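What follows is a short report on a single structure.
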Amino acid sequence: MLKWWKIASIVLVLYTLIAGLLLPVPQLPILAQSIRNLYYHVPMWFGMLALLIASAVYAVKGLGKKDLLMDIRSESYAKIGMLYGTIGLLTGMVWAKNTWGAYWTNDPKLNSAAIGMLMYAAYFVLRGSIEDEEKKARISAVYNLFCLPVFIVLIFVLPRLTASLHPGNGGNPGFNSYDLDSRLRMVFYPAVTGWMLLGFWLADIQIRLRKLEFKKERED
């Protein structure tokens, strides 16, 4: 049976896809219609961060209880979190091409995001290099707990300390302070909620699949 939050994710994402394309948006210089990317690019990063926090929480639980099922949850949340991060990077590159004239610039925000993504890519490489399940769970959990605070510093703190083209960083105002009007808000907030719920739904599916694989491995 579908839980209420799963139904909500379907409704909100459909609303975002339809309203995000059809409802009017403010005609800002340079951005023009590309501001609609706000409904997709930014929610991906919110969803990614929520999923990575959930991954870290289950990493702590796994270390405390020495429960491999907690490790499955932690890995699954990290995996979907990286999926969201990848989509966030790709949508950001499209937006950058439209507004800055290039898919990628030597910008602190972009470079920090790429470094953070590579750190989590190393997390999956680390997991794949260890065969013993209990050892894998312990080591990857510790690495996970190292990654999260560093990643937060990379994408939220460092870009604010240096010159940056990205809104909300390096002295640039964020959308909320000058042009996130009611027309954008009525789609943006449901978009954040809907994409985030969808991310947890995808993670829930991944967890179920991994549990079945884990059960089958134990039986063999």
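Every chain in the structure tokens has a letter given in the order shown (A, B, ...), and although residue numbers restart at 1 in each chain, ligands are simply numbered from 1 in the order shown.
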
Stretch 37-106 of chain A near stretch 136-149 of chain A within 8 Å: what's each residue's closest atom pair and its distance in Å to one decimal, counting only C-alpha atoms, ordered by chain then ascending residue number, as JSON lines?
```
{"residue": "A:Leu52", "atom": "CA", "partner": "A:Leu148", "partner_atom": "CA", "distance": 7.1}
{"residue": "A:Ile53", "atom": "CA", "partner": "A:Leu148", "partner_atom": "CA", "distance": 7.3}
{"residue": "A:Ser55", "atom": "CA", "partner": "A:Asn144", "partner_atom": "CA", "distance": 7.8}
{"residue": "A:Ala56", "atom": "CA", "partner": "A:Leu145", "partner_atom": "CA", "distance": 5.8}
{"residue": "A:Ala59", "atom": "CA", "partner": "A:Ala141", "partner_atom": "CA", "distance": 4.8}
{"residue": "A:Val60", "atom": "CA", "partner": "A:Ala141", "partner_atom": "CA", "distance": 7.1}
{"residue": "A:Gly62", "atom": "CA", "partner": "A:Ala141", "partner_atom": "CA", "distance": 7.5}
{"residue": "A:Leu63", "atom": "CA", "partner": "A:Arg138", "partner_atom": "CA", "distance": 6.3}
{"residue": "A:Leu68", "atom": "CA", "partner": "A:Ala137", "partner_atom": "CA", "distance": 6.8}
{"residue": "A:Asp71", "atom": "CA", "partner": "A:Ala137", "partner_atom": "CA", "distance": 5.7}
{"residue": "A:Ser74", "atom": "CA", "partner": "A:Ala141", "partner_atom": "CA", "distance": 8.0}
```

Practice task
Would you please work out which residue, of A:Ala102, A:Leu198, A:Val153, A:Met48, is nearest to A:Ile115 when using only C-alpha atoms?
Solution key: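 Looking at the shortest contact to A:Ile115, the residue is A:Val153.
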
Fill in the blank from the handout: atom CA of A:Met82 sits from atom CA of A:Ser129 at a separation of 18.9 Å

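One finds atom CA of A:Gly85 at 22.4 Å from atom CA of A:Arg185.
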
Handout entry: Between atom CA of A:Ala19 and atom CA of A:Thr193 - distance in Å to one decimal
Key =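 Interatomic distance here is 14.7 Å.
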